[in-house]
Amino acid sequence: LKEYGITYAQVDLLEDGSFDLEGIKNAINDKTKLIHIQRSKGYATRPTLSVDVIEEAIAFVKEINKDLIVMVDNCYGEFVEEKEPSEVGADMIVGSLIKNPGGGLAPIGGYICGRSDLIEQCAYRLTTPGLGKEVGASLGVNRQFIQGFFMAPTVVNAAVKGAIFAANLYEKLGFKVIPDGKEDRHDIIQAVEFHDPEKLIAFCEGIQKASPIDSHVTPIPWDMPGYDSQVIMAAGTFVSGASIELSADGPMKEPYAVYFQGGLTYPHAKYGIIMSLQRMAEKGLVEIPEIS
Ligand SMILES: *Cc1c(COP(=O)(O)O)cnc(C)c1O
């Protein structure tokens with residue numbers, strides 16, 4: 001973006017995970033054209049932003065300047081709530097097709113939707129000025145895109161159920177889980193804090209063992225570009241890198257939290273979670289209480 005003369009400023013969320021409205025107001029100036037909001041939490045143990053909270057933030061910035069464009073990175077959030085940010089004032093929402101809206105079938109890609117004039121501009125930038133959306137590569141995967149989008153709400157339902165199962169299981173074992181077993185959900189991610197590298201590794205090993213592809217592979221923490229610590233990632237997926245499929249990952253640093261997501265079906269998500277616990281039990285890292 002710098003090469004195009006576009007500068008960027010970031011206003012971090014407050015300690016409790018809410019928007020720093022005062023900070024946002026101070027950061028906006030006459031040069032500000034676009035406000036970007038990320039719905040999911042990445043490797044932070046803050047709560048995910050709800051569509052309601054995003055709606056308030058959008059109203060706040062539009063009050064300052066109604067011409068500001070608001071774009072929401074909607075990754076992992078699609079179809080989890082009844083509304084999407086585009087229904088509460090976001091001018092554009094964007095996300096990945098190897099996550100929720102690809103339904104596990106899309107092999108690659110992302111989406112941009114929103115105001116038609118902005119989509120037009122994106123299309124001119126993506127292909128060529130003057131041609132825009134009239135041309136472009138379909139890569140021969142339109143059937144997977146459309147069928148995946150058709151399946152997506154059902155697949156997201158399975159993933160959310162898997163995340164709720166994981167939260168309840170690990171909460172009962174005494175770990176801090178974000179979100180907890182009962183609260184409302186705004187994306188498909190489930191974090192569990194282990195405060196112990198061995199537990200994080202064992203959890204990921206169990207998820208890998210439950211995978212339909214590469215179940216014989218052992219994930220190990222490694223240096224990855226773009227991260228400030230080693231990261232471990234478990235995924236044995238049909239679509240390489242697809243995190244709507246059963247997967248788990250986390251940075252090797254305090255609080256040694258695992259971020260679990262996906263599962264194309266609920267039974268498979270549940271199986272993966274049970275395998276994560278089994279691996280920890282095999283390594284003597286958890287006591288599984290007797291069930292009476
Ligand atoms: C995954 C992700 C992306 C990138 O999506 P890809 O399809 O993997 O390139 C961008 N933003 C957020 C918040 C994500 O979680």
# chains A, B, ... in the order shown; residues from 1 in each chain; ligands from 1
$ residues_around --residues "Pro251 (chain A)" --least-positions-apart "5" --cutoff "8 Å" --atoms "only C-alpha atoms" --output "ChimeraX atom specification"
/A:43,229-232,256-258
$ write_last_selection --atoms "N, CA, C and O atoms" --output "CSV table (one decimal), in the first residue's frame"
chain,number,residue,atom,x,y,z
A,43,TYR,N,-4.6,-14.3,16.9
A,43,TYR,CA,-4.0,-14.9,18.0
A,43,TYR,C,-4.1,-14.0,19.3
A,43,TYR,O,-3.1,-13.8,19.9
A,229,SER,N,6.8,-15.4,17.3
A,229,SER,CA,7.2,-16.6,18.0
A,229,SER,C,7.0,-17.8,17.1
A,229,SER,O,6.4,-17.7,16.0
A,230,GLN,N,7.5,-18.9,17.5
A,230,GLN,CA,7.2,-20.2,16.8
A,230,GLN,C,5.7,-20.4,16.8
A,230,GLN,O,5.0,-20.0,17.7
A,231,VAL,N,5.2,-21.1,15.8
A,231,VAL,CA,3.8,-21.4,15.7
A,231,VAL,C,3.7,-22.9,15.4
A,231,VAL,O,4.5,-23.5,14.7
A,232,ILE,N,2.7,-23.6,16.1
A,232,ILE,CA,2.4,-24.9,15.7
A,232,ILE,C,1.0,-24.9,15.0
A,232,ILE,O,0.1,-24.2,15.4
A,256,TYR,N,0.1,-19.7,25.9
A,256,TYR,CA,0.0,-21.1,25.2
A,256,TYR,C,-1.4,-21.5,25.0
A,256,TYR,O,-1.9,-22.5,25.4
A,257,ALA,N,-2.1,-20.6,24.2
A,257,ALA,CA,-3.5,-20.9,23.8
A,257,ALA,C,-3.6,-21.6,22.5
A,257,ALA,O,-2.8,-21.3,21.6
A,258,VAL,N,-4.4,-22.6,22.4
A,258,VAL,CA,-4.7,-23.2,21.1
A,258,VAL,C,-5.9,-22.5,20.5
A,258,VAL,O,-6.8,-22.1,21.2
$ closest_atom_pairs --of "chain A" --to "ligand 1" --cutoff "9 Å" --atoms "only C-alpha atoms and all ligand atoms" --output "CSV"
residue,atom,partner,partner_atom_place_in_ligand_line,distance
A:Gln38,CA,ligand 1,13 (C),6.0
A:Arg39,CA,ligand 1,13 (C),7.1
A:Ser40,CA,ligand 1,13 (C),5.8
A:Lys41,CA,ligand 1,13 (C),7.2
A:Gly42,CA,ligand 1,13 (C),6.3
A:Asp73,CA,ligand 1,13 (C),6.0
A:Asn74,CA,ligand 1,13 (C),7.0
A:Cys75,CA,ligand 1,15 (O),4.9
A:Tyr76,CA,ligand 1,15 (O),6.4
A:Val94,CA,ligand 1,10 (C),8.5
A:Gly95,CA,ligand 1,5 (O),6.4
A:Ser96,CA,ligand 1,7 (O),4.0
A:Leu97,CA,ligand 1,7 (O),6.1
A:Ile98,CA,ligand 1,7 (O),5.7
A:Lys99,CA,ligand 1,7 (O),7.2
A:Ile108,CA,ligand 1,7 (O),7.1
A:Gly109,CA,ligand 1,7 (O),6.0
A:Gly110,CA,ligand 1,7 (O),5.8
A:Gly241,CA,ligand 1,8 (O),7.3
A:Ala242,CA,ligand 1,8 (O),7.7
A:Ser243,CA,ligand 1,1 (C),7.9
$ write_last_selection --atoms "all heavy atoms" --output "CSV table (one decimal), in the first residue's frame"
chain,number,residue,atom,x,y,z
A,38,GLN,N,-11.4,-5.5,11.8
A,38,GLN,CA,-11.3,-6.9,11.8
A,38,GLN,C,-12.2,-7.6,12.8
A,38,GLN,O,-12.1,-7.3,14.0
A,38,GLN,CB,-9.8,-7.4,12.0
A,38,GLN,CG,-9.6,-8.9,11.9
A,38,GLN,CD,-8.2,-9.3,12.2
A,38,GLN,OE1,-7.3,-8.8,11.5
A,38,GLN,NE2,-8.0,-10.2,13.1
A,39,ARG,N,-13.1,-8.4,12.3
A,39,ARG,CA,-14.1,-9.0,13.2
A,39,ARG,C,-13.5,-10.1,14.1
A,39,ARG,O,-13.8,-10.1,15.3
A,39,ARG,CB,-15.2,-9.6,12.4
A,39,ARG,CG,-16.4,-10.3,13.1
A,39,ARG,CD,-17.5,-10.6,12.2
A,39,ARG,NE,-18.5,-11.4,12.8
A,39,ARG,CZ,-19.6,-11.9,12.1
A,39,ARG,NH1,-19.7,-11.6,10.8
A,39,ARG,NH2,-20.5,-12.6,12.7
A,40,SER,N,-12.7,-11.0,13.6
A,40,SER,CA,-12.2,-12.1,14.4
A,40,SER,C,-10.9,-11.6,15.2
A,40,SER,O,-10.5,-10.5,15.0
A,40,SER,CB,-11.9,-13.3,13.5
A,40,SER,OG,-10.8,-13.0,12.6
A,41,LYS,N,-10.4,-12.5,16.0
A,41,LYS,CA,-9.4,-12.0,17.0
A,41,LYS,C,-8.0,-12.4,16.7
A,41,LYS,O,-7.1,-12.0,17.4
A,41,LYS,CB,-9.8,-12.4,18.4
A,41,LYS,CG,-10.0,-13.9,18.6
A,41,LYS,CD,-10.4,-14.1,20.1
A,41,LYS,CE,-10.9,-15.5,20.3
A,41,LYS,NZ,-12.3,-15.7,19.7
A,42,GLY,N,-7.8,-13.2,15.6
A,42,GLY,CA,-6.4,-13.7,15.3
A,42,GLY,C,-5.9,-14.4,16.6
A,42,GLY,O,-6.6,-15.1,17.2
A,73,ASP,N,-13.2,-6.8,7.7
A,73,ASP,CA,-12.6,-8.2,7.4
A,73,ASP,C,-13.5,-9.1,8.2
A,73,ASP,O,-13.5,-9.2,9.4
A,73,ASP,CB,-11.2,-8.2,7.9
A,73,ASP,CG,-10.5,-9.6,7.6
A,73,ASP,OD1,-11.3,-10.6,7.5
A,73,ASP,OD2,-9.3,-9.6,7.6
A,74,ASN,N,-14.3,-9.9,7.4
A,74,ASN,CA,-15.4,-10.7,8.0
A,74,ASN,C,-14.9,-12.2,8.2
A,74,ASN,O,-15.8,-13.0,8.5
A,74,ASN,CB,-16.6,-10.7,7.1
A,74,ASN,CG,-17.9,-10.9,7.8
A,74,ASN,OD1,-18.0,-10.7,9.0
A,74,ASN,ND2,-18.9,-11.3,7.0
A,75,CYS,N,-13.6,-12.4,8.1
A,75,CYS,CA,-13.1,-13.8,8.2
A,75,CYS,C,-13.6,-14.5,9.4
A,75,CYS,O,-13.5,-14.0,10.5
A,75,CYS,CB,-11.6,-13.8,8.1
A,75,CYS,SG,-10.9,-13.8,6.5
A,76,TYR,N,-14.0,-15.8,9.2
A,76,TYR,CA,-14.5,-16.7,10.3
A,76,TYR,C,-15.9,-16.3,10.8
A,76,TYR,O,-16.4,-17.0,11.7
A,76,TYR,CB,-13.5,-16.8,11.4
A,76,TYR,CG,-12.2,-17.5,11.1
A,76,TYR,CD1,-11.0,-16.8,11.2
A,76,TYR,CD2,-12.2,-18.8,10.6
A,76,TYR,CE1,-9.8,-17.4,10.9
A,76,TYR,CE2,-11.0,-19.4,10.3
A,76,TYR,CZ,-9.8,-18.7,10.4
A,76,TYR,OH,-8.6,-19.3,10.1
A,94,VAL,N,-15.3,-8.3,3.4
A,94,VAL,CA,-14.4,-9.2,2.6
A,94,VAL,C,-14.0,-10.4,3.5
A,94,VAL,O,-14.1,-10.4,4.7
A,94,VAL,CB,-13.0,-8.4,2.3
A,94,VAL,CG1,-13.3,-7.2,1.5
A,94,VAL,CG2,-12.2,-8.0,3.5
A,95,GLY,N,-13.7,-11.5,2.8
A,95,GLY,CA,-13.4,-12.7,3.6
A,95,GLY,C,-12.7,-13.7,2.7
A,95,GLY,O,-12.6,-13.5,1.5
A,96,SER,N,-12.4,-14.8,3.3
A,96,SER,CA,-11.7,-15.9,2.6
A,96,SER,C,-12.7,-17.0,2.2
A,96,SER,O,-13.5,-17.4,3.0
A,96,SER,CB,-10.6,-16.4,3.5
A,96,SER,OG,-10.0,-17.6,3.0
A,97,LEU,N,-12.5,-17.6,1.0
A,97,LEU,CA,-13.3,-18.7,0.6
A,97,LEU,C,-12.8,-20.1,1.1
A,97,LEU,O,-13.4,-21.1,0.8
A,97,LEU,CB,-13.5,-18.7,-0.9
A,97,LEU,CG,-14.3,-17.5,-1.5
A,97,LEU,CD1,-14.5,-17.7,-3.0
A,97,LEU,CD2,-15.7,-17.4,-0.8
A,98,ILE,N,-11.6,-20.1,1.7
A,98,ILE,CA,-11.2,-21.3,2.3
A,98,ILE,C,-11.5,-21.3,3.8
A,98,ILE,O,-11.0,-22.1,4.6
A,98,ILE,CB,-9.7,-21.7,2.1
A,98,ILE,CG1,-8.7,-20.6,2.6
A,98,ILE,CG2,-9.4,-21.9,0.6
A,98,ILE,CD1,-7.3,-21.0,2.5
A,99,LYS,N,-12.4,-20.4,4.1
A,99,LYS,CA,-13.1,-20.4,5.5
A,99,LYS,C,-14.6,-20.5,5.3
A,99,LYS,O,-15.0,-21.1,4.3
A,99,LYS,CB,-12.6,-19.2,6.2
A,99,LYS,CG,-11.1,-19.2,6.5
A,99,LYS,CD,-10.6,-17.9,7.1
A,99,LYS,CE,-9.1,-18.0,7.2
A,99,LYS,NZ,-8.6,-16.6,7.5
A,108,ILE,N,-9.9,-22.2,-3.3
A,108,ILE,CA,-9.0,-21.1,-3.3
A,108,ILE,C,-10.0,-19.9,-3.3
A,108,ILE,O,-11.2,-20.0,-3.7
A,108,ILE,CB,-8.1,-21.1,-4.5
A,108,ILE,CG1,-7.0,-20.0,-4.3
A,108,ILE,CG2,-8.8,-20.8,-5.8
A,108,ILE,CD1,-5.8,-20.2,-5.3
A,109,GLY,N,-9.5,-18.7,-3.0
A,109,GLY,CA,-10.2,-17.5,-3.3
A,109,GLY,C,-10.7,-16.7,-2.1
A,109,GLY,O,-10.6,-17.1,-1.0
A,110,GLY,N,-11.2,-15.5,-2.4
A,110,GLY,CA,-11.8,-14.6,-1.4
A,110,GLY,C,-13.0,-13.9,-2.0
A,110,GLY,O,-13.3,-14.1,-3.2
A,241,GLY,N,-4.6,-25.7,3.5
A,241,GLY,CA,-4.7,-24.4,4.3
A,241,GLY,C,-6.1,-24.0,4.7
A,241,GLY,O,-6.3,-23.0,5.3
A,242,ALA,N,-7.1,-24.9,4.4
A,242,ALA,CA,-8.5,-24.5,4.6
A,242,ALA,C,-8.8,-24.6,6.1
A,242,ALA,O,-8.8,-25.7,6.7
A,242,ALA,CB,-9.4,-25.4,3.8
A,243,SER,N,-9.1,-23.5,6.8
A,243,SER,CA,-9.4,-23.6,8.2
A,243,SER,C,-10.9,-23.6,8.5
A,243,SER,O,-11.3,-23.5,9.6
A,243,SER,CB,-8.7,-22.5,8.9
A,243,SER,OG,-8.8,-21.3,8.3
$ atom_distance --atom1 "CA of Trp222 (chain A)" --atom2 "CA of Gly236 (chain A)"
17.0 Å
$ residues_around --residues "region 170-180 of chain A" --least-positions-apart "6" --cutoff "12 Å" --atoms "only C-alpha atoms" --output "MDAnalysis selection string"
chainID A and resid 41 43:49 160 163:164 186:196 199 203 255:260 273:274 276:277 280:281 285:290
$ closest_residue --among "A:Ala202, A:Ile69, A:Leu34, A:Ala158" --to "Leu246 (chain A)" --atoms "only C-alpha atoms"
A:Ala158
$ atom_distance --atom1 "CA of Gly148 (chain A)" --atom2 "CA of Gly104 (chain A)"
6.2 Å
$ residues_around --residues "region 88-92 of chain A" --least-positions-apart "5" --cutoff "8 Å" --atoms "only C-alpha atoms" --output "PyMOL selection string"
chain A and resi 51+54-55+58-59+69-72+83+112-115+118
$ residues_around --residues "Thr32 (chain A)" --least-positions-apart "2" --cutoff "10 Å" --atoms "only C-alpha atoms" --output "PDB file with C-alpha atoms, in the first residue's frame"
ATOM      1  CA  ILE A   6      -1.463   4.913   1.037  1.00  0.00           C
ATOM      2  CA  THR A   7      -0.659   5.356   4.707  1.00  0.00           C
ATOM      3  CA  TYR A   8      -2.140   3.496   7.621  1.00  0.00           C
ATOM      4  CA  ALA A   9      -2.778   4.105  11.298  1.00  0.00           C
ATOM      5  CA  ALA A  27      -6.926   9.306  14.546  1.00  0.00           C
ATOM      6  CA  ILE A  28      -9.379  10.388  11.845  1.00  0.00           C
ATOM      7  CA  ASN A  29      -8.241  13.384   9.770  1.00  0.00           C
ATOM      8  CA  ASP A  30      -9.022  14.916   6.337  1.00  0.00           C
ATOM      9  CA  LEU A  34     -11.288   4.107   4.672  1.00  0.00           C
ATOM     10  CA  ILE A  35     -11.809   2.545   8.098  1.00  0.00           C
ATOM     11  CA  ASN A  65     -17.705  11.880   8.520  1.00  0.00           C
ATOM     12  CA  ASP A  67     -18.208   9.805   3.509  1.00  0.00           C
ATOM     13  CA  LEU A  68     -15.729   7.525   5.274  1.00  0.00           C
ATOM     14  CA  ILE A  69     -15.761   4.053   3.735  1.00  0.00           C
TER      15      ILE A  69
END
$ atom_distance --atom1 "CA of Asp12 (chain A)" --atom2 "CA of Ile37 (chain A)"
10.7 Å
$ select_by_dssp --residues "region 12-128 of chain A" --states "helix (DSSP H, G or I)" --output "VMD selection string"
chain A and resid 21 to 27 51 to 64 85 to 87 100 to 102 116 to 126
$ select_by_dssp --residues "region 38-236 of chain A" --states "strand (DSSP E or B)" --output "MDAnalysis selection string"
chainID A and resid 38 69:73 92:96 110:114 176:178 190:193 222 231:235
$ closest_residue --among "A:Val80, A:Ile64, A:Ile119, A:Cys204" --to "Lys25 (chain A)" --atoms "only C-alpha atoms"
A:Ile64
$ residues_around --residues "Gly103 (chain A)" --least-positions-apart "6" --cutoff "6 Å" --atoms "only C-alpha atoms" --output "VMD selection string"
chain A and resid 148 to 149 151 to 152 155
$ closest_residue --among "A:Leu200, A:Ile220, A:Ala235, A:Leu1" --to "Glu254 (chain A)" --atoms "only C-alpha atoms"
A:Leu200
$ closest_residue --among "A:Glu205, A:Glu78, A:Glu63, A:Asp228" --to "Gly102 (chain A)" --atoms "only C-alpha atoms"
A:Glu78
$ residues_around --residues "Asn157 (chain A)" --least-positions-apart "4" --cutoff "10 Å" --atoms "only C-alpha atoms" --output "list in words"
Phe79, Val80, Asn100, Ala152, Pro153, Lys161, Gly162, Ala163, Ile188, Gly262, Gly263, Leu264, Thr265 and Tyr266 of chain A
